[in-house]
Amino acid sequence: MHTADVAACVLVSCIIAVSLLSNVVVLICFLYDPEIRGQVPGIFTLNLTLCNLLLSASNMPLTVAGLVTRGHGPGPGGPPAPAAFCQLAGFLDTFLVTNAMLTMAALSVDRWVAVVFPLSYHSRVRRRDAAIALAYTWTHSLCFSAAAARLSWLGYHRLYASCTLCQDEAGDGARGAKAGAAKAQFAAFTVALHALTFLLTLVVMCATYLKVLRVARSHCRRIDVITMQTLVLLVDIHPSVRQRCLDEQKRRRQRATKKISTFIGTFVLCFSPYVITRILELFYPGPISPHWAVLSKCLAYSKAATDPFVYSLLRHQYRKTCGLLANKILKRNLFNSSSAPWVENNTSRGRWPHVQTTTAANEEPPSITPSVQ
(Lines give C-alpha, C1' and ligand atoms only; values in the text may rest on other atoms or scores of the structure.)
Protein backbone atom coordinates (compact mmCIF):
# COMPACT_ATOMS: atom_id res chain seq x y z
CA MET A 1 0.00 0.00 0.00
CA HIS A 2 1.05 3.55 -0.69
CA THR A 3 1.82 5.76 2.30
CA ALA A 4 -1.02 8.10 1.36
CA ASP A 5 -3.44 5.16 1.30
CA VAL A 6 -2.30 4.08 4.75
CA ALA A 7 -2.83 7.61 6.06
CA ALA A 8 -6.27 7.72 4.42
CA CYS A 9 -7.19 4.39 6.04
CA VAL A 10 -6.19 5.71 9.46
CA LEU A 11 -8.09 8.95 8.85
CA VAL A 12 -11.31 7.21 7.76
CA SER A 13 -11.05 4.78 10.69
CA CYS A 14 -10.78 7.70 13.12
CA ILE A 15 -13.74 9.40 11.44
CA ILE A 16 -15.78 6.18 11.80
CA ALA A 17 -14.95 5.90 15.51
CA VAL A 18 -15.71 9.55 16.31
CA SER A 19 -18.85 9.60 14.19
CA LEU A 20 -20.32 6.43 15.69
CA LEU A 21 -19.55 7.47 19.26
CA SER A 22 -20.77 11.07 19.00
CA ASN A 23 -23.93 10.24 17.04
CA VAL A 24 -24.82 7.45 19.48
CA VAL A 25 -24.45 9.94 22.34
CA VAL A 26 -26.80 12.35 20.56
CA LEU A 27 -29.30 9.54 20.02
CA ILE A 28 -29.13 8.55 23.70
CA CYS A 29 -29.70 12.17 24.78
CA PHE A 30 -32.68 12.39 22.44
CA LEU A 31 -34.23 9.22 23.87
CA TYR A 32 -33.45 10.13 27.50
CA ASP A 33 -34.58 13.77 27.66
CA PRO A 34 -38.31 14.33 26.98
CA GLU A 35 -37.70 18.06 26.59
CA ILE A 36 -35.38 17.46 23.63
CA ARG A 37 -37.90 15.06 22.08
CA GLY A 38 -40.66 17.62 22.46
CA GLN A 39 -38.87 20.31 20.46
CA VAL A 40 -39.45 20.65 16.72
CA PRO A 41 -35.70 20.93 15.85
CA GLY A 42 -35.20 17.61 17.62
CA ILE A 43 -36.94 15.87 14.70
CA PHE A 44 -34.41 17.32 12.24
CA THR A 45 -31.53 16.48 14.57
CA LEU A 46 -32.77 12.89 14.87
CA ASN A 47 -32.97 12.53 11.09
CA LEU A 48 -29.46 13.98 10.66
CA THR A 49 -28.10 11.67 13.38
CA LEU A 50 -29.60 8.57 11.78
CA CYS A 51 -28.19 9.53 8.37
CA ASN A 52 -24.73 9.99 9.85
CA LEU A 53 -24.92 6.68 11.73
CA LEU A 54 -25.96 4.73 8.63
CA LEU A 55 -23.27 6.42 6.53
CA SER A 56 -20.62 5.61 9.14
CA ALA A 57 -21.71 1.98 9.39
CA SER A 58 -22.21 1.23 5.70
CA ASN A 59 -20.09 3.34 3.33
CA MET A 60 -17.07 4.36 5.37
CA PRO A 61 -15.93 0.77 6.12
CA LEU A 62 -16.21 -0.02 2.41
CA THR A 63 -13.93 2.92 1.66
CA VAL A 64 -11.38 1.55 4.10
CA ALA A 65 -11.66 -1.84 2.40
CA GLY A 66 -11.29 -0.19 -1.00
CA LEU A 67 -8.11 1.55 0.12
CA VAL A 68 -6.71 -1.69 1.50
CA THR A 69 -7.46 -3.68 -1.65
CA ARG A 70 -6.32 -0.92 -4.01
CA GLY A 71 -3.72 -2.44 -6.33
CA HIS A 72 -4.51 -6.02 -5.31
CA GLY A 73 -7.61 -6.58 -7.45
CA PRO A 74 -8.24 -6.60 -11.20
CA GLY A 75 -7.14 -3.42 -12.93
CA PRO A 76 -5.87 -0.40 -11.05
CA GLY A 77 -8.01 -1.20 -8.03
CA GLY A 78 -10.48 -3.99 -7.33
CA PRO A 79 -13.86 -3.41 -5.70
CA PRO A 80 -14.00 -4.35 -2.00
CA ALA A 81 -17.40 -6.07 -2.37
CA PRO A 82 -19.58 -7.72 -5.03
CA ALA A 83 -21.12 -5.48 -7.69
CA ALA A 84 -24.67 -5.76 -6.32
CA PHE A 85 -23.49 -4.84 -2.82
CA CYS A 86 -21.52 -1.86 -4.17
CA GLN A 87 -24.60 -0.65 -6.01
CA LEU A 88 -26.61 -0.82 -2.78
CA ALA A 89 -23.85 1.03 -0.94
CA GLY A 90 -23.75 3.66 -3.69
CA PHE A 91 -27.52 4.07 -3.40
CA LEU A 92 -27.17 4.61 0.36
CA ASP A 93 -24.29 7.04 -0.15
CA THR A 94 -26.28 9.22 -2.55
CA PHE A 95 -29.45 9.03 -0.46
CA LEU A 96 -27.86 9.66 2.95
CA VAL A 97 -25.59 12.52 1.89
CA THR A 98 -28.43 14.27 0.04
CA ASN A 99 -30.80 13.75 2.96
CA ALA A 100 -28.24 15.08 5.44
CA MET A 101 -27.60 18.22 3.37
CA LEU A 102 -31.29 19.04 3.03
CA THR A 103 -31.79 18.43 6.75
CA MET A 104 -29.12 21.05 7.48
CA ALA A 105 -31.04 23.47 5.28
CA ALA A 106 -34.23 22.68 7.24
CA LEU A 107 -32.39 23.33 10.51
CA SER A 108 -31.20 26.71 9.26
CA VAL A 109 -34.74 27.70 8.26
CA ASP A 110 -36.01 26.60 11.68
CA ARG A 111 -33.44 28.76 13.48
CA TRP A 112 -34.22 31.71 11.21
CA VAL A 113 -37.91 31.52 12.15
CA ALA A 114 -37.02 31.13 15.84
CA VAL A 115 -34.84 34.26 15.86
CA VAL A 116 -36.79 36.52 13.51
CA PHE A 117 -40.26 35.55 14.80
CA PRO A 118 -39.68 34.53 18.44
CA LEU A 119 -43.21 35.28 19.67
CA SER A 120 -45.01 33.40 16.91
CA TYR A 121 -42.46 30.61 16.46
CA HIS A 122 -44.61 27.86 17.98
CA SER A 123 -47.54 28.76 15.78
CA ARG A 124 -45.42 29.04 12.63
CA VAL A 125 -43.32 25.86 13.07
CA ARG A 126 -45.19 22.82 14.34
CA ARG A 127 -44.41 19.13 14.34
CA ARG A 128 -46.64 18.70 11.31
CA ASP A 129 -44.58 21.27 9.42
CA ALA A 130 -41.39 19.47 10.41
CA ALA A 131 -42.85 16.16 9.19
CA ILE A 132 -43.71 17.77 5.84
CA ALA A 133 -40.16 19.14 5.52
CA LEU A 134 -38.70 15.71 6.30
CA ALA A 135 -41.04 14.09 3.78
CA TYR A 136 -39.68 16.47 1.14
CA THR A 137 -36.05 15.71 2.02
CA TRP A 138 -36.71 11.97 1.80
CA THR A 139 -38.59 12.31 -1.51
CA HIS A 140 -35.87 14.54 -2.96
CA SER A 141 -33.14 12.11 -1.92
CA LEU A 142 -35.01 9.02 -3.09
CA CYS A 143 -35.68 10.52 -6.52
CA PHE A 144 -32.00 11.13 -7.26
CA SER A 145 -30.88 7.81 -5.75
CA ALA A 146 -33.54 5.82 -7.62
CA ALA A 147 -32.75 7.58 -10.91
CA ALA A 148 -29.05 6.79 -10.53
CA ALA A 149 -29.86 3.15 -9.74
CA ARG A 150 -32.26 2.91 -12.69
CA LEU A 151 -29.61 4.22 -15.08
CA SER A 152 -26.88 1.97 -13.61
CA TRP A 153 -24.80 4.91 -12.42
CA LEU A 154 -23.99 3.43 -9.02
CA GLY A 155 -21.02 1.24 -8.22
CA TYR A 156 -17.39 1.18 -7.17
CA HIS A 157 -15.46 4.31 -8.16
CA ARG A 158 -11.72 3.51 -8.27
CA LEU A 159 -10.69 7.16 -8.11
CA TYR A 160 -12.39 7.64 -4.72
CA ALA A 161 -11.94 4.02 -3.58
CA SER A 162 -15.60 3.97 -2.54
CA CYS A 163 -19.02 2.83 -3.71
CA THR A 164 -20.74 5.95 -4.97
CA LEU A 165 -22.10 7.65 -8.07
CA CYS A 166 -20.05 6.53 -11.08
CA GLN A 167 -20.31 5.60 -14.74
CA ASP A 168 -19.40 2.20 -16.14
CA GLU A 169 -16.64 3.07 -18.57
CA ALA A 170 -16.48 -0.43 -20.07
CA GLY A 171 -20.20 -0.43 -20.79
CA ASP A 172 -19.98 2.98 -22.42
CA GLY A 173 -17.10 1.89 -24.63
CA ALA A 174 -19.07 -1.12 -25.85
CA ARG A 175 -21.89 1.09 -27.02
CA GLY A 176 -19.59 2.93 -29.40
CA ALA A 177 -21.49 5.93 -30.82
CA LYS A 178 -23.77 6.15 -27.80
CA ALA A 179 -20.84 6.69 -25.44
CA GLY A 180 -20.82 10.47 -25.93
CA ALA A 181 -24.55 10.77 -25.29
CA ALA A 182 -24.29 8.60 -22.18
CA LYS A 183 -21.44 10.73 -20.81
CA ALA A 184 -23.44 13.88 -21.48
CA GLN A 185 -26.43 12.44 -19.64
CA PHE A 186 -24.25 11.42 -16.70
CA ALA A 187 -22.64 14.88 -16.60
CA ALA A 188 -26.06 16.58 -16.64
CA PHE A 189 -27.32 14.31 -13.87
CA THR A 190 -24.23 14.92 -11.71
CA VAL A 191 -24.44 18.69 -12.12
CA ALA A 192 -28.17 18.67 -11.32
CA LEU A 193 -27.58 16.49 -8.26
CA HIS A 194 -24.95 18.79 -6.76
CA ALA A 195 -26.81 21.96 -7.76
CA LEU A 196 -30.05 20.84 -6.09
CA THR A 197 -28.34 19.49 -2.98
CA PHE A 198 -25.03 21.17 -2.17
CA LEU A 199 -25.66 24.52 -3.88
CA LEU A 200 -29.30 24.74 -2.77
CA THR A 201 -28.38 23.97 0.84
CA LEU A 202 -25.52 26.46 0.78
CA VAL A 203 -27.76 29.25 -0.55
CA VAL A 204 -30.46 28.52 2.04
CA MET A 205 -27.93 28.39 4.88
CA CYS A 206 -26.25 31.64 3.86
CA ALA A 207 -29.57 33.47 3.43
CA THR A 208 -31.05 32.30 6.73
CA TYR A 209 -27.96 32.47 8.94
CA LEU A 210 -26.94 35.91 7.66
CA LYS A 211 -30.42 37.14 8.54
CA VAL A 212 -30.03 35.54 11.98
CA LEU A 213 -26.67 37.28 12.37
CA ARG A 214 -28.19 40.63 11.45
CA VAL A 215 -30.96 40.22 14.03
CA ALA A 216 -28.49 39.03 16.68
CA ARG A 217 -26.27 42.07 16.13
CA SER A 218 -29.30 44.32 16.41
CA HIS A 219 -30.17 42.76 19.76
CA CYS A 220 -26.56 43.11 20.90
CA ARG A 221 -26.56 46.82 20.05
CA ARG A 222 -29.70 47.35 22.13
CA ILE A 223 -28.20 45.47 25.07
CA ASP A 224 -24.96 47.43 24.70
CA VAL A 225 -26.84 50.74 24.92
CA ILE A 226 -28.57 49.64 28.11
CA THR A 227 -25.29 48.38 29.56
CA MET A 228 -23.44 51.63 28.86
CA GLN A 229 -26.27 53.69 30.31
CA THR A 230 -26.18 51.58 33.46
CA LEU A 231 -22.41 51.94 33.77
CA VAL A 232 -22.69 55.72 33.42
CA LEU A 233 -25.34 55.92 36.13
CA LEU A 234 -23.40 53.68 38.53
CA VAL A 235 -20.59 56.10 39.37
CA ASP A 236 -19.34 54.19 42.42
CA ILE A 237 -19.04 50.85 40.62
CA HIS A 238 -15.74 49.03 41.09
CA PRO A 239 -13.42 49.16 38.04
CA SER A 240 -13.16 45.35 37.93
CA VAL A 241 -16.94 45.01 37.71
CA ARG A 242 -17.03 47.60 34.95
CA GLN A 243 -14.32 45.73 33.04
CA ARG A 244 -16.21 42.44 33.38
CA CYS A 245 -19.32 44.09 31.95
CA LEU A 246 -17.35 45.40 28.99
CA ASP A 247 -15.72 41.99 28.41
CA GLU A 248 -19.11 40.27 28.46
CA GLN A 249 -20.38 42.88 26.01
CA LYS A 250 -17.52 42.03 23.65
CA ARG A 251 -18.07 38.26 23.98
CA ARG A 252 -21.78 38.73 23.30
CA ARG A 253 -21.02 40.43 20.00
CA GLN A 254 -18.68 37.64 18.94
CA ARG A 255 -20.82 34.68 20.04
CA ALA A 256 -23.35 34.80 17.20
CA THR A 257 -20.63 35.35 14.60
CA LYS A 258 -18.67 32.31 15.82
CA LYS A 259 -21.72 30.04 15.80
CA ILE A 260 -22.85 31.03 12.32
CA SER A 261 -19.30 30.81 10.99
CA THR A 262 -19.13 27.28 12.40
CA PHE A 263 -22.39 26.24 10.73
CA ILE A 264 -21.50 27.55 7.29
CA GLY A 265 -17.74 27.00 7.55
CA THR A 266 -17.91 23.29 8.38
CA PHE A 267 -20.41 22.71 5.57
CA VAL A 268 -18.25 24.45 2.96
CA LEU A 269 -14.97 22.98 4.22
CA CYS A 270 -16.23 19.40 4.29
CA PHE A 271 -18.38 19.21 1.14
CA SER A 272 -17.00 21.76 -1.33
CA PRO A 273 -13.71 19.90 -2.14
CA TYR A 274 -15.61 16.73 -2.99
CA VAL A 275 -18.28 18.52 -5.05
CA ILE A 276 -15.70 20.56 -6.97
CA THR A 277 -13.67 17.42 -7.66
CA ARG A 278 -16.74 15.61 -8.99
CA ILE A 279 -17.50 18.54 -11.33
CA LEU A 280 -13.88 18.78 -12.50
CA GLU A 281 -13.88 15.05 -13.17
CA LEU A 282 -16.60 15.60 -15.77
CA PHE A 283 -15.06 18.50 -17.69
CA TYR A 284 -11.34 18.56 -16.89
CA PRO A 285 -9.43 16.74 -19.67
CA GLY A 286 -6.41 15.83 -17.56
CA PRO A 287 -6.16 13.14 -14.89
CA ILE A 288 -7.14 13.83 -11.28
CA SER A 289 -4.84 12.69 -8.51
CA PRO A 290 -6.37 9.67 -6.72
CA HIS A 291 -4.84 10.84 -3.43
CA TRP A 292 -6.64 14.19 -3.70
CA ALA A 293 -9.88 12.41 -4.66
CA VAL A 294 -9.68 10.16 -1.59
CA LEU A 295 -8.85 13.16 0.61
CA SER A 296 -11.91 15.04 -0.67
CA LYS A 297 -14.05 11.98 0.08
CA CYS A 298 -12.59 11.82 3.59
CA LEU A 299 -13.49 15.48 4.12
CA ALA A 300 -17.05 14.74 3.05
CA TYR A 301 -17.13 11.83 5.51
CA SER A 302 -15.80 14.06 8.30
CA LYS A 303 -19.05 16.06 8.25
CA ALA A 304 -20.76 13.06 9.85
CA ALA A 305 -18.28 13.32 12.75
CA THR A 306 -18.60 17.10 13.20
CA ASP A 307 -22.40 17.37 12.93
CA PRO A 308 -23.09 15.99 16.44
CA PHE A 309 -20.88 18.69 17.97
CA VAL A 310 -22.00 21.53 15.71
CA TYR A 311 -25.75 20.92 16.02
CA SER A 312 -26.17 19.09 19.32
CA LEU A 313 -23.46 18.30 21.84
CA LEU A 314 -22.13 21.85 22.21
CA ARG A 315 -25.59 23.17 23.11
CA HIS A 316 -26.42 23.73 26.77
CA GLN A 317 -29.37 21.33 26.82
CA TYR A 318 -27.38 18.41 25.42
CA ARG A 319 -24.44 19.16 27.71
CA LYS A 320 -26.78 19.15 30.70
CA THR A 321 -28.31 15.82 29.61
CA CYS A 322 -24.85 14.29 29.08
CA GLY A 323 -23.84 15.50 32.54
CA LEU A 324 -26.92 13.96 34.12
CA LEU A 325 -26.29 10.64 32.38
CA ALA A 326 -22.61 10.66 33.34
CA ASN A 327 -23.38 11.44 36.99
CA LYS A 328 -26.01 8.73 37.07
CA ILE A 329 -23.62 6.12 35.67
CA LEU A 330 -20.67 7.20 37.83
CA LYS A 331 -22.71 7.31 41.05
CA ARG A 332 -24.07 3.84 40.39
CA ASN A 333 -20.60 2.48 39.68
CA LEU A 334 -19.10 4.20 42.73
CA PHE A 335 -21.89 2.89 44.95
CA ASN A 336 -21.42 -0.67 43.70
CA SER A 337 -17.63 -0.55 44.00
CA SER A 338 -17.68 1.01 47.48
CA SER A 339 -20.51 -1.03 49.01
CA ALA A 340 -19.42 -4.49 47.84
CA PRO A 341 -16.09 -4.66 49.82
CA TRP A 342 -17.80 -3.22 52.89
CA VAL A 343 -20.50 -5.89 52.90
CA GLU A 344 -17.95 -8.62 52.21
CA ASN A 345 -15.68 -7.51 55.08
CA ASN A 346 -18.52 -7.30 57.58
CA THR A 347 -19.78 -10.72 56.55
CA SER A 348 -16.36 -12.39 56.76
CA ARG A 349 -15.67 -10.88 60.22
CA GLY A 350 -18.83 -12.38 61.67
CA ARG A 351 -20.56 -9.10 62.43
CA TRP A 352 -23.69 -10.38 60.69
CA PRO A 353 -23.79 -14.11 61.42
CA HIS A 354 -27.35 -14.34 60.14
CA VAL A 355 -26.37 -13.07 56.63
CA GLN A 356 -25.33 -15.81 54.23
CA THR A 357 -23.17 -14.99 51.28
CA THR A 358 -24.71 -17.73 49.13
CA THR A 359 -28.32 -18.85 49.26
CA ALA A 360 -30.08 -21.42 47.14
CA ALA A 361 -32.80 -20.21 44.82
CA ASN A 362 -35.59 -22.07 46.65
CA GLU A 363 -34.16 -21.72 50.19
CA GLU A 364 -35.49 -19.16 52.65
CA PRO A 365 -33.03 -17.08 54.68
CA PRO A 366 -32.52 -18.25 58.27
CA SER A 367 -34.63 -16.62 60.93
CA ILE A 368 -33.04 -14.83 63.90
CA THR A 369 -34.25 -15.99 67.35
CA PRO A 370 -33.08 -14.32 70.55
CA SER A 371 -30.88 -16.55 72.73
CA VAL A 372 -31.95 -17.21 76.35
CA GLN A 373 -29.13 -16.82 78.85
# chains A, B, ... in the order shown; residues from 1 in each chain; ligands from 1
>>> residues_around(residues="A:Val204", least_positions_apart="6", cutoff="9 Å", atoms="only C-alpha atoms", output="VMD selection string")
chain A and resid 105 to 106 108 to 109
>>> select_by_dssp(residues="stretch 114-316 of chain A", states="helix (DSSP H, G or I)", output="PyMOL selection string")
chain A and resi 114-116+121-124+127-150+169-233+239-283+290-313+316
>>> select_by_dssp(residues="stretch 32-259 of chain A", states="strand (DSSP E or B)", output="mmCIF file with N, CA and C atoms, in the first residue's frame")
data_model
loop_
_atom_site.group_PDB
_atom_site.id
_atom_site.type_symbol
_atom_site.label_atom_id
_atom_site.label_comp_id
_atom_site.auth_asym_id
_atom_site.auth_seq_id
_atom_site.Cartn_x
_atom_site.Cartn_y
_atom_site.Cartn_z
ATOM 1 N N LEU A 154 -24.456 3.659 -10.379
ATOM 2 C CA LEU A 154 -23.987 3.429 -9.024
ATOM 3 C C LEU A 154 -23.058 2.232 -9.031
ATOM 4 N N GLY A 155 -21.971 2.340 -8.286
ATOM 5 C CA GLY A 155 -21.016 1.236 -8.224
ATOM 6 C C GLY A 155 -19.726 1.684 -7.566
ATOM 7 N N TYR A 156 -18.683 0.891 -7.790
ATOM 8 C CA TYR A 156 -17.386 1.176 -7.169
ATOM 9 C C TYR A 156 -16.605 2.148 -8.044
ATOM 10 N N HIS A 157 -16.239 3.290 -7.459
ATOM 11 C CA HIS A 157 -15.456 4.308 -8.165
ATOM 12 C C HIS A 157 -14.002 4.180 -7.706
ATOM 13 N N SER A 162 -14.349 4.104 -3.287
ATOM 14 C CA SER A 162 -15.601 3.972 -2.536
ATOM 15 C C SER A 162 -16.736 3.652 -3.498
ATOM 16 N N CYS A 163 -17.818 3.141 -2.938
ATOM 17 C CA CYS A 163 -19.022 2.834 -3.707
ATOM 18 C C CYS A 163 -19.908 4.073 -3.720
ATOM 19 N N THR A 164 -20.023 4.694 -4.872
ATOM 20 C CA THR A 164 -20.743 5.955 -4.965
ATOM 21 C C THR A 164 -21.254 6.128 -6.391
ATOM 22 N N LEU A 165 -21.615 7.351 -6.729
ATOM 23 C CA LEU A 165 -22.096 7.655 -8.074
ATOM 24 C C LEU A 165 -20.937 7.539 -9.067
#
>>> atom_distance(atom1="atom CA of A:Cys270", atom2="atom CA of A:Asn23")
17.5 Å
>>> residues_around(residues="A:Ser13", least_positions_apart="5", cutoff="12 Å", atoms="only C-alpha atoms", output="number ranges by chain")
A: 6-8, 18-20, 56-57, 59-65, 67, 298, 301-302, 305
>>> closest_residue(among="A:Leu159, A:Val97, A:Leu314, A:Ala130", to="A:Ala300", atoms="only C-alpha atoms")
A:Val97
>>> closest_atom_pairs(of="stretch 111-143 of chain A", to="stretch 178-193 of chain A", cutoff="12 Å", atoms="only C-alpha atoms", output="CSV")
residue,atom,partner,partner_atom,distance
A:His140,CA,A:Leu193,CA,10.0
A:Ser141,CA,A:Leu193,CA,9.5
A:Leu142,CA,A:Leu193,CA,11.7
A:Cys143,CA,A:Leu193,CA,10.2
>>> write_last_selection(atoms="N, CA and C atoms", output="tab-separated table (two decimals), in the first residue's frame")
chain	number	residue	atom	x	y	z
A	140	HIS	N	-36.95	13.97	-2.15
A	140	HIS	CA	-35.87	14.54	-2.96
A	140	HIS	C	-34.70	13.57	-3.07
A	141	SER	N	-34.29	13.02	-1.94
A	141	SER	CA	-33.14	12.11	-1.92
A	141	SER	C	-33.45	10.80	-2.65
A	142	LEU	N	-34.64	10.27	-2.44
A	142	LEU	CA	-35.01	9.02	-3.09
A	142	LEU	C	-35.10	9.16	-4.61
A	143	CYS	N	-35.56	10.31	-5.07
A	143	CYS	CA	-35.68	10.52	-6.52
A	143	CYS	C	-34.31	10.45	-7.19
>>> closest_residue(among="A:Thr277, A:Thr266, A:Thr321, A:Ser218", to="A:Arg252", atoms="only C-alpha atoms")
A:Ser218
>>> residues_around(residues="A:Ile288", least_positions_apart="3", cutoff="12 Å", atoms="only C-alpha atoms", output="PDB file with N, CA and C atoms, in the first residue's frame")
ATOM      1  N   ARG A 158     -13.114   3.760  -8.638  1.00  0.00           N
ATOM      2  CA  ARG A 158     -11.721   3.512  -8.274  1.00  0.00           C
ATOM      3  C   ARG A 158     -10.996   4.783  -7.861  1.00  0.00           C
ATOM      4  N   LEU A 159     -11.386   5.915  -8.436  1.00  0.00           N
ATOM      5  CA  LEU A 159     -10.687   7.156  -8.107  1.00  0.00           C
ATOM      6  C   LEU A 159     -10.882   7.528  -6.644  1.00  0.00           C
ATOM      7  N   TYR A 160     -12.079   7.306  -6.107  1.00  0.00           N
ATOM      8  CA  TYR A 160     -12.390   7.645  -4.718  1.00  0.00           C
ATOM      9  C   TYR A 160     -12.313   6.441  -3.792  1.00  0.00           C
ATOM     10  N   ILE A 276     -16.509  19.955  -5.907  1.00  0.00           N
ATOM     11  CA  ILE A 276     -15.701  20.559  -6.969  1.00  0.00           C
ATOM     12  C   ILE A 276     -14.911  19.488  -7.726  1.00  0.00           C
ATOM     13  N   THR A 277     -14.400  18.498  -6.998  1.00  0.00           N
ATOM     14  CA  THR A 277     -13.666  17.415  -7.663  1.00  0.00           C
ATOM     15  C   THR A 277     -14.574  16.611  -8.578  1.00  0.00           C
ATOM     16  N   ARG A 278     -15.816  16.348  -8.136  1.00  0.00           N
ATOM     17  CA  ARG A 278     -16.743  15.607  -8.994  1.00  0.00           C
ATOM     18  C   ARG A 278     -17.093  16.390 -10.254  1.00  0.00           C
ATOM     19  N   ILE A 279     -17.203  17.723 -10.144  1.00  0.00           N
ATOM     20  CA  ILE A 279     -17.500  18.539 -11.327  1.00  0.00           C
ATOM     21  C   ILE A 279     -16.285  18.593 -12.247  1.00  0.00           C
ATOM     22  N   LEU A 280     -15.090  18.753 -11.670  1.00  0.00           N
ATOM     23  CA  LEU A 280     -13.883  18.779 -12.496  1.00  0.00           C
ATOM     24  C   LEU A 280     -13.661  17.444 -13.198  1.00  0.00           C
ATOM     25  N   GLU A 281     -14.033  16.370 -12.552  1.00  0.00           N
ATOM     26  CA  GLU A 281     -13.880  15.051 -13.167  1.00  0.00           C
ATOM     27  C   GLU A 281     -14.668  14.926 -14.467  1.00  0.00           C
ATOM     28  N   LEU A 282     -15.758  15.674 -14.571  1.00  0.00           N
ATOM     29  CA  LEU A 282     -16.598  15.605 -15.772  1.00  0.00           C
ATOM     30  C   LEU A 282     -16.042  16.408 -16.936  1.00  0.00           C
ATOM     31  N   PHE A 283     -15.429  17.563 -16.631  1.00  0.00           N
ATOM     32  CA  PHE A 283     -15.056  18.502 -17.694  1.00  0.00           C
ATOM     33  C   PHE A 283     -13.553  18.713 -17.836  1.00  0.00           C
ATOM     34  N   TYR A 284     -12.774  18.351 -16.814  1.00  0.00           N
ATOM     35  CA  TYR A 284     -11.336  18.565 -16.894  1.00  0.00           C
ATOM     36  C   TYR A 284     -10.713  17.448 -17.736  1.00  0.00           C
ATOM     37  N   PRO A 285      -9.953  17.784 -18.785  1.00  0.00           N
ATOM     38  CA  PRO A 285      -9.426  16.737 -19.674  1.00  0.00           C
ATOM     39  C   PRO A 285      -8.291  15.937 -19.065  1.00  0.00           C
ATOM     40  N   HIS A 291      -5.034  10.480  -4.833  1.00  0.00           N
ATOM     41  CA  HIS A 291      -4.844  10.837  -3.430  1.00  0.00           C
ATOM     42  C   HIS A 291      -5.708  12.044  -3.066  1.00  0.00           C
ATOM     43  N   TRP A 292      -5.776  13.034  -3.962  1.00  0.00           N
ATOM     44  CA  TRP A 292      -6.641  14.188  -3.703  1.00  0.00           C
ATOM     45  C   TRP A 292      -8.109  13.770  -3.714  1.00  0.00           C
ATOM     46  N   ALA A 293      -8.488  12.867  -4.603  1.00  0.00           N
ATOM     47  CA  ALA A 293      -9.876  12.413  -4.659  1.00  0.00           C
ATOM     48  C   ALA A 293     -10.268  11.710  -3.361  1.00  0.00           C
ATOM     49  N   VAL A 294      -9.390  10.849  -2.851  1.00  0.00           N
ATOM     50  CA  VAL A 294      -9.677  10.164  -1.591  1.00  0.00           C
ATOM     51  C   VAL A 294      -9.732  11.159  -0.439  1.00  0.00           C
ATOM     52  N   SER A 296     -10.638  14.322  -0.596  1.00  0.00           N
ATOM     53  CA  SER A 296     -11.909  15.043  -0.675  1.00  0.00           C
ATOM     54  C   SER A 296     -13.066  14.179  -0.178  1.00  0.00           C
TER      55      SER A 296
END
>>> closest_residue(among="A:Leu196, A:Asp5, A:Ser120, A:Arg251", to="A:Arg217", atoms="only C-alpha atoms")
A:Arg251
>>> atom_distance(atom1="atom CA of A:Leu213", atom2="atom CA of A:Val113")
12.6 Å
>>> closest_residue(among="A:Arg111, A:His194, A:Arg126, A:Lys320", to="A:Val215", atoms="only C-alpha atoms")
A:Arg111
>>> closest_residue(among="A:Thr94, A:Thr103, A:Asn327, A:Thr208", to="A:Ala147", atoms="only C-alpha atoms")
A:Thr94
>>> closest_residue(among="A:Ala146, A:Leu295, A:Ile43, A:Ala195", to="A:Leu11", atoms="only C-alpha atoms")
A:Leu295
